[in-house]
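Listing of final_17.txt; format and content: compact mmCIF, C-alpha atoms.
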# COMPACT_ATOMS: atom_id res chain seq x y z
CA MET A 1 11.62 -14.24 -2.42
CA GLY A 2 14.04 -12.19 -0.37
CA LEU A 3 13.89 -8.84 1.33
CA ARG A 4 13.09 -5.68 -0.59
CA HIS A 5 12.09 -1.90 -0.82
CA HIS A 6 13.06 1.86 -1.74
CA LEU A 7 15.05 3.70 -4.28
CA PRO A 8 17.00 6.86 -4.56
CA THR A 9 15.75 9.44 -7.01
CA TRP A 10 16.11 7.96 -10.45
CA ARG A 11 14.95 8.42 -13.95
CA SER A 12 15.67 5.88 -16.59
CA THR A 13 15.35 6.46 -20.30
CA GLY A 14 12.58 3.92 -20.07
CA VAL A 15 9.41 3.67 -18.11
CA ALA A 16 8.22 5.53 -15.12
CA THR A 17 10.94 6.76 -12.95
CA THR A 18 9.79 9.34 -10.54
CA SER A 19 8.16 8.02 -7.42
CA LEU A 20 6.12 5.54 -5.65
CA ALA A 21 3.59 6.52 -3.26
CA LEU A 22 5.61 5.15 -0.79
CA VAL A 23 7.87 8.09 -1.05
CA LEU A 24 11.40 7.10 -1.62
CA GLY A 25 12.94 9.58 0.65
CA SER A 26 16.14 10.53 2.28
CA ALA A 27 16.63 9.58 5.87
CA GLY A 28 14.24 12.28 7.00
CA ILE A 29 11.20 11.28 4.94
CA GLY A 30 8.21 10.12 6.82
CA VAL A 31 4.84 8.54 6.30
CA GLY A 32 2.97 9.40 3.18
CA VAL A 33 -0.79 9.63 3.45
CA ALA A 34 -3.03 11.12 0.84
CA PRO A 35 -5.91 13.39 1.77
CA ALA A 36 -6.73 12.22 5.24
CA VAL A 37 -10.34 11.39 5.85
CA ALA A 38 -12.10 12.27 9.05
CA LEU A 39 -14.00 9.28 10.34
CA ALA A 40 -16.66 10.76 12.51
CA GLY A 41 -18.79 8.56 14.70
CA THR A 42 -22.31 9.65 13.88
CA SER A 43 -24.75 6.91 14.77
CA GLY A 44 -21.90 4.47 14.47
CA LEU A 45 -21.19 5.47 10.88
CA CYS A 46 -18.14 7.16 9.46
CA SER A 47 -18.35 10.38 7.53
CA GLU A 48 -15.89 10.40 4.66
CA SER A 49 -14.45 13.09 2.46
CA ALA A 50 -14.73 12.80 -1.31
CA ASP A 51 -11.58 10.70 -1.39
CA ALA A 52 -10.99 7.58 0.66
CA PRO A 53 -8.08 7.87 3.13
CA SER A 54 -4.80 6.60 1.80
CA ASN A 55 -1.22 5.93 2.75
CA ALA A 56 1.89 6.26 0.64
CA LYS A 57 5.45 5.00 0.27
CA VAL A 58 8.58 6.95 -0.54
CA ARG A 59 12.08 6.03 -1.57
CA ALA A 60 15.50 6.94 -0.27
CA GLY A 61 16.86 10.15 -1.73
CA ALA A 62 13.49 11.68 -2.55
CA THR A 63 13.52 15.45 -2.78
CA ALA A 64 10.32 16.40 -4.59
CA ARG A 65 7.75 15.29 -2.06
CA GLN A 66 8.96 14.47 1.37
CA ASP A 67 6.56 13.41 4.09
CA PRO A 68 3.21 13.79 2.31
CA ASP A 69 0.51 14.39 4.91
CA SER A 70 0.71 11.50 7.35
CA LEU A 71 -2.06 10.26 9.60
CA SER A 72 -2.25 12.17 12.85
CA ALA A 73 -2.82 10.41 16.15
CA ALA A 74 -6.39 11.76 16.18
CA GLU A 75 -7.08 10.38 12.70
CA VAL A 76 -5.76 6.98 13.72
CA ASP A 77 -7.91 7.07 16.88
CA ARG A 78 -11.02 7.78 14.80
CA ARG A 79 -10.21 4.98 12.39
CA GLU A 80 -9.63 2.55 15.25
CA ALA A 81 -12.90 3.50 16.95
CA ASP A 82 -14.77 2.93 13.70
CA LEU A 83 -13.06 -0.43 13.18
CA SER A 84 -14.11 -1.57 16.65
CA ARG A 85 -17.70 -0.42 16.14
CA THR A 86 -17.93 -2.05 12.73
CA LEU A 87 -16.62 -5.40 13.99
CA VAL A 88 -19.16 -5.37 16.81
CA GLU A 89 -22.00 -4.48 14.46
CA ARG A 90 -21.06 -7.18 11.97
CA SER A 91 -20.76 -9.78 14.71
CA ARG A 92 -24.40 -9.32 15.71
CA GLY A 93 -26.44 -12.00 14.03
CA GLN A 94 -23.76 -13.17 11.62
CA ALA A 95 -20.39 -14.84 11.54
CA LEU A 96 -17.43 -12.54 11.08
CA GLY A 97 -16.00 -14.52 8.19
CA PRO A 98 -12.94 -16.70 7.76
CA SER A 99 -10.55 -17.58 10.52
CA VAL A 100 -6.85 -16.86 10.29
CA LEU A 101 -6.35 -20.40 8.95
CA ALA A 102 -8.85 -19.93 6.12
CA THR A 103 -7.87 -18.49 2.74
CA VAL A 104 -9.46 -15.40 1.29
CA THR A 105 -8.72 -15.22 -2.42
CA ILE A 106 -8.73 -11.63 -3.65
CA PRO A 107 -9.39 -10.98 -7.35
CA VAL A 108 -6.92 -8.48 -8.82
CA VAL A 109 -7.81 -6.16 -11.68
CA VAL A 110 -4.75 -4.42 -13.15
CA HIS A 111 -4.96 -1.12 -15.00
CA VAL A 112 -1.80 -0.18 -16.93
CA ILE A 113 -1.69 3.56 -17.63
CA GLN A 114 0.47 4.44 -20.64
CA GLU A 115 1.76 7.52 -22.38
CA ASN A 116 2.22 5.47 -25.55
CA SER A 117 2.60 1.84 -26.58
CA THR A 118 6.34 1.58 -25.85
CA ARG A 119 7.99 0.28 -22.70
CA ALA A 120 9.44 3.77 -22.20
CA GLY A 121 5.88 5.08 -22.28
CA GLY A 122 4.63 2.77 -19.56
CA ASN A 123 3.65 -0.31 -21.57
CA ILE A 124 5.11 -2.94 -19.27
CA PRO A 125 4.77 -6.62 -20.30
CA ASP A 126 2.22 -9.01 -18.84
CA SER A 127 5.09 -11.10 -17.50
CA MET A 128 5.97 -8.39 -14.95
CA ILE A 129 2.38 -8.34 -13.74
CA THR A 130 2.14 -12.10 -13.31
CA SER A 131 5.47 -12.01 -11.44
CA GLN A 132 4.00 -9.35 -9.16
CA ILE A 133 1.03 -11.57 -8.33
CA ASN A 134 3.48 -14.36 -7.47
CA VAL A 135 5.38 -11.98 -5.15
CA LEU A 136 2.14 -11.02 -3.40
CA ASN A 137 1.15 -14.65 -2.89
CA GLN A 138 4.56 -15.56 -1.47
CA ALA A 139 4.63 -12.57 0.88
CA TYR A 140 1.09 -13.05 2.20
CA ALA A 141 1.53 -16.82 2.55
CA GLY A 142 4.54 -16.25 4.79
CA SER A 143 6.83 -18.22 2.50
CA THR A 144 9.44 -15.44 2.49
CA GLY A 145 10.05 -15.79 6.22
CA GLY A 146 7.17 -13.98 7.91
CA ALA A 147 3.84 -14.99 9.37
CA ALA A 148 1.21 -16.50 7.09
CA THR A 149 -1.87 -14.38 6.49
CA ALA A 150 -5.36 -15.37 5.35
CA PHE A 151 -4.91 -13.80 1.92
CA ALA A 152 -4.13 -15.05 -1.57
CA PHE A 153 -4.35 -13.13 -4.85
CA GLN A 154 -5.67 -14.17 -8.24
CA LEU A 155 -5.14 -12.10 -11.37
CA GLN A 156 -8.54 -11.47 -12.94
CA SER A 157 -7.76 -9.11 -15.81
CA ILE A 158 -5.30 -6.62 -17.29
CA ASP A 159 -6.39 -3.56 -19.26
CA ARG A 160 -4.22 -0.90 -20.87
CA THR A 161 -5.13 2.75 -21.30
CA THR A 162 -3.15 5.26 -23.34
CA ASN A 163 -4.03 8.66 -21.94
CA THR A 164 -1.48 11.46 -21.70
CA SER A 165 -3.68 13.41 -19.28
CA TRP A 166 -3.41 10.55 -16.77
CA TYR A 167 0.35 10.05 -17.26
CA PRO A 168 2.19 10.41 -14.99
CA ILE A 169 -0.30 9.58 -12.23
CA VAL A 170 -0.41 12.46 -9.76
CA ASP A 171 -1.48 11.65 -6.19
CA GLY A 172 -4.67 13.48 -5.20
CA SER A 173 -5.17 15.13 -8.59
CA SER A 174 -8.41 15.51 -10.52
CA ALA A 175 -6.80 13.36 -13.22
CA GLU A 176 -6.25 10.53 -10.72
CA ARG A 177 -9.86 10.79 -9.59
CA SER A 178 -11.03 10.70 -13.20
CA MET A 179 -8.80 7.71 -13.96
CA LYS A 180 -10.10 5.68 -11.04
CA SER A 181 -13.73 6.65 -11.56
CA SER A 182 -13.45 5.55 -15.19
CA LEU A 183 -11.55 2.31 -14.67
CA ARG A 184 -12.36 0.89 -11.24
CA THR A 185 -14.38 -2.32 -11.28
CA GLY A 186 -15.68 -4.86 -8.75
CA GLY A 187 -16.80 -4.60 -5.15
CA LYS A 188 -15.00 -3.87 -1.88
CA GLY A 189 -13.13 -7.15 -2.06
CA THR A 190 -11.69 -6.58 -5.54
CA LEU A 191 -8.17 -5.15 -5.60
CA ASN A 192 -7.81 -2.56 -8.35
CA LEU A 193 -4.12 -1.98 -9.07
CA TYR A 194 -3.12 1.06 -11.16
CA LEU A 195 0.36 1.00 -12.71
CA GLY A 196 2.24 3.80 -14.45
CA GLU A 197 4.80 6.51 -13.96
CA LEU A 198 4.12 8.47 -10.78
CA SER A 199 4.66 12.06 -9.75
CA ASP A 200 6.64 13.53 -6.87
CA ASN A 201 9.19 10.75 -6.52
CA LEU A 202 6.60 8.41 -5.05
CA LEU A 203 6.67 4.63 -5.28
CA GLY A 204 2.98 4.02 -4.64
CA TRP A 205 -0.06 4.77 -2.52
CA ALA A 206 -3.20 3.00 -1.36
CA THR A 207 -6.58 3.67 0.19
CA PHE A 208 -7.51 2.27 3.56
CA PRO A 209 -10.72 0.22 3.76
CA THR A 210 -13.86 2.14 4.74
CA ARG A 211 -17.52 1.32 5.27
CA THR A 212 -18.65 2.89 2.02
CA LEU A 213 -16.92 1.81 -1.20
CA SER A 214 -15.32 4.79 -2.93
CA SER A 215 -14.60 4.96 -6.64
CA GLN A 216 -11.08 5.90 -5.54
CA ASP A 217 -10.50 2.60 -3.70
CA GLY A 218 -7.37 0.73 -4.74
CA VAL A 219 -3.59 0.71 -5.01
CA VAL A 220 -1.37 2.83 -7.27
CA ALA A 221 2.22 1.74 -7.90
CA LEU A 222 5.16 2.69 -10.04
CA SER A 223 5.26 0.28 -12.98
CA GLU A 224 9.01 -0.16 -12.77
CA SER A 225 8.79 -1.25 -9.11
CA LEU A 226 7.35 -4.57 -10.27
CA PRO A 227 9.70 -7.57 -10.42
CA GLY A 228 12.23 -7.03 -13.20
CA GLY A 229 11.59 -3.28 -13.39
CA THR A 230 14.18 -0.52 -13.64
CA ALA A 231 13.62 1.03 -10.18
CA THR A 232 16.94 0.02 -8.62
CA ASN A 233 16.54 -1.31 -5.06
CA TYR A 234 12.76 -1.18 -5.43
CA ASN A 235 12.19 -3.58 -8.29
CA GLU A 236 11.35 -6.86 -6.59
CA GLY A 237 7.64 -6.19 -6.14
CA ASP A 238 7.42 -5.16 -2.51
CA THR A 239 6.04 -1.70 -3.17
CA VAL A 240 2.80 -3.43 -4.15
CA THR A 241 3.16 -5.79 -1.17
CA HIS A 242 3.45 -2.75 1.12
CA GLU A 243 0.57 -0.85 -0.48
CA VAL A 244 -1.76 -3.86 -0.36
CA GLY A 245 -0.97 -3.99 3.37
CA HIS A 246 -2.47 -0.50 3.68
CA TRP A 247 -5.44 -1.55 1.52
CA LEU A 248 -5.95 -4.36 4.05
CA ASN A 249 -5.82 -1.92 7.00
CA LEU A 250 -2.16 -1.87 8.10
CA TYR A 251 -0.34 1.30 9.11
CA HIS A 252 3.38 1.89 8.69
CA THR A 253 5.50 0.26 11.38
CA PHE A 254 6.67 3.76 12.37
CA GLN A 255 3.14 5.17 12.77
CA GLY A 256 3.05 7.21 15.97
CA GLY A 257 6.79 6.93 16.56
CA CYS A 258 7.89 5.77 20.01
CA SER A 259 4.80 6.94 21.89
CA GLY A 260 1.24 5.72 22.23
CA GLN A 261 0.04 2.59 20.49
CA GLY A 262 2.03 3.05 17.30
CA ASP A 263 0.74 0.94 14.43
CA ARG A 264 -1.81 -0.78 16.71
CA VAL A 265 -0.05 -4.12 16.34
CA SER A 266 1.53 -5.48 19.51
CA ASP A 267 4.24 -7.63 17.92
CA THR A 268 5.84 -4.94 15.76
CA PRO A 269 8.42 -3.09 17.90
CA ALA A 270 8.04 0.68 18.17
CA GLU A 271 10.04 2.68 15.64
CA ARG A 272 10.65 6.43 15.83
CA SER A 273 10.83 7.04 12.08
CA ALA A 274 10.95 5.26 8.75
CA ALA A 275 14.01 3.16 7.98
CA TYR A 276 15.68 3.46 4.58
CA GLN A 277 18.09 1.25 2.65
CA CYS A 278 18.91 -1.69 4.99
CA PRO A 279 20.41 -0.41 8.25
CA THR A 280 21.98 -2.73 10.79
CA GLY A 281 21.32 -2.63 14.53
CA ARG A 282 18.77 0.17 14.26
CA ASP A 283 16.90 0.72 17.54
CA THR A 284 15.24 4.13 17.73
CA CYS A 285 12.86 3.58 20.69
CA SER A 286 13.53 2.56 24.28
CA ALA A 287 10.71 -0.03 24.20
CA ALA A 288 11.59 -3.69 23.78
CA GLY A 289 12.72 -4.88 20.38
CA VAL A 290 14.88 -3.45 17.62
CA ASP A 291 13.33 -1.56 14.73
CA PRO A 292 11.32 -3.84 12.40
CA ILE A 293 13.36 -2.96 9.31
CA HIS A 294 12.51 -6.29 7.64
CA ASN A 295 8.79 -5.67 7.88
CA PHE A 296 6.89 -5.04 4.65
CA MET A 297 5.33 -1.94 6.23
CA ASP A 298 8.61 -0.07 6.72
CA TYR A 299 10.48 1.86 3.97
CA THR A 300 13.62 -0.21 3.47
CA TYR A 301 14.93 -1.64 0.18
CA ASP A 302 12.97 -4.49 -1.35
CA SER A 303 15.99 -6.71 -0.66
CA CYS A 304 15.68 -5.94 3.06
CA MET A 305 12.01 -6.68 3.70
CA TYR A 306 10.44 -10.09 3.92
CA GLN A 307 7.85 -10.34 6.68
CA PHE A 308 4.50 -9.59 8.17
CA THR A 309 3.92 -10.49 11.83
CA ALA A 310 1.17 -12.64 13.29
CA GLY A 311 -0.34 -9.49 14.77
CA GLN A 312 -0.41 -7.82 11.37
CA ALA A 313 -2.04 -10.92 9.87
CA ALA A 314 -4.78 -10.76 12.52
CA ARG A 315 -5.28 -7.03 11.99
CA MET A 316 -5.63 -7.48 8.23
CA LEU A 317 -8.27 -10.15 8.78
CA ASP A 318 -10.15 -7.86 11.19
CA GLY A 319 -10.03 -5.13 8.57
CA TRP A 320 -11.30 -7.53 5.92
CA ASN A 321 -14.20 -8.74 8.07
CA ALA A 322 -15.14 -5.19 9.04
CA TYR A 323 -14.92 -3.50 5.66
CA ARG A 324 -14.27 -5.75 2.66
CA ALA A 325 -16.01 -9.08 3.30
CA SER A 326 -19.29 -9.46 1.45
Here is a file; write its structure as structure tokens.
Amino acid sequence: MGLRHHLPTWRSTGVATTSLALVLGSAGIGVGVAPAVALAGTSGLCSESADAPSNAKVRAGATARQDPDSLSAAEVDRREADLSRTLVERSRGQALGPSVLATVTIPVVVHVIQENSTRAGGNIPDSMITSQINVLNQAYAGSTGGAATAFAFQLQSIDRTTNTSWYPIVDGSSAERSMKSSLRTGGKGTLNLYLGELSDNLLGWATFPTRTLSSQDGVVALSESLPGGTATNYNEGDTVTHEVGHWLNLYHTFQGGCSGQGDRVSDTPAERSAAYQCPTGRDTCSAAGVDPIHNFMDYTYDSCMYQFTAGQAARMLDGWNAYRAS
């Protein structure tokens, strides 16, 4: 599996064509984060809004929704403080779970949202979904050229819902909340993946892990971003790879820009802003290292991204042990 990620605005005569909650944006587009949640430290617990915090992805050339509300430095600080507290609390009297060398197999429940029963109406074939699971397993095993992580993915079920009020899926809408509340299944460690046409030129979005399981927990992705889809430059499956990274507690590589602690991972070089397409020699910060344009958590084309770092693998495992491990 090679590098991949981001498309210019497009609309095919077929399935979903408007956006992935990664926003496919022009060079100026930034982080996409759905309604940010304030994690307040009251008695060591976090206070959450009705919706779990989420992060998005956009594609190059996006015009409809550029830079949906990104995480502020204060929001990241609150999340990091809660992560530290939760890891300490869970370490008292019990093991923290698997080591980096162990394998955590995550069950995946896929919900296909359709306008009608045709491919143009969102009814993608099962073969695209199984290919997506293969892409996830290759990416998270490090077999595409990055660091191996502790995670593997196993397809548990696929269901299909024809509902015009849920199609396209609109980030943060009452219809999205209704869809997830109706369809979500499993516990904190079950990945619920919602596929369909998306609004606002987004490629996909995901919730971060939190102490309390929300009915909104999961990943939303443009159907045609799956392997073999029609989303040119974003049809090799790495939108889902990217969004699952958020679901497992990773920020964008460009979080925080050139200042502060950035994405809170020491081995991803600082990056001032999101990278699009597949730029060469990009180095936007004076700190050591060129921009991590090949990282799954940037915004480049699917053909350009192929790696997580060892630091990201460790952070994902910390996030799992703190929030998703049973």
Nearby residues (only C-alpha atoms) at most 6 Å from segment 299-313 of chain A, same-chain spacing under 2 positions excluded, as a list of chain:residue names: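 Non-adjacent residues within range: A:Gly2, A:Leu3, A:Arg4, A:His5, A:His6, A:Thr144, A:Gly145, A:Gly146, A:Ala147, A:Thr149, A:Asn233, A:Tyr234, A:Glu236, A:Asp238, A:Val265, A:Asp267, A:Ala274, A:Ala275, A:Tyr276, A:Gln277, A:Cys278, A:His294, A:Asn295, A:Phe296, A:Arg315, A:Met316.
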Non-local contacts of Asp77 of chain A (10 Å; all atoms listed in the file; under 5 positions in same chain excluded) as a ChimeraX atom specification: /A:39,71-72,82-83,261,264
Grab the residues selected above and save them as an mmCIF file, keeping the file's coordinate frame with C-alpha atoms.
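Resulting contents of part07.cif:
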data_model
loop_
_atom_site.group_PDB
_atom_site.id
_atom_site.type_symbol
_atom_site.label_atom_id
_atom_site.label_comp_id
_atom_site.auth_asym_id
_atom_site.auth_seq_id
_atom_site.Cartn_x
_atom_site.Cartn_y
_atom_site.Cartn_z
ATOM 1 C CA LEU A 39 -14.000 9.280 10.340
ATOM 2 C CA LEU A 71 -2.060 10.260 9.600
ATOM 3 C CA SER A 72 -2.250 12.170 12.850
ATOM 4 C CA ASP A 82 -14.770 2.930 13.700
ATOM 5 C CA LEU A 83 -13.060 -0.430 13.180
ATOM 6 C CA GLN A 261 0.040 2.590 20.490
ATOM 7 C CA ARG A 264 -1.810 -0.780 16.710
#
Atomic separation - atom CA of Ala152 of chain A relative to atom CA of Gln216 of chain A, Å: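 Those two atoms sit 22.4 Å apart.
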Point-to-point distance from atom CA of Val108 of chain A to atom CA of Leu155 of chain A, Å rounded to tenths: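 These atoms are spaced 4.8 Å apart.
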d(atom CA of Val109 of chain A, atom CA of Asn192 of chain A) in Å: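 Interatomic distance here is 4.9 Å.
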Closest of A:Phe254, A:Tyr167, A:Phe151, A:Tyr140 to Leu317 of chain A - atom-to-atom distances counting all atoms listed in the file: A:Phe151
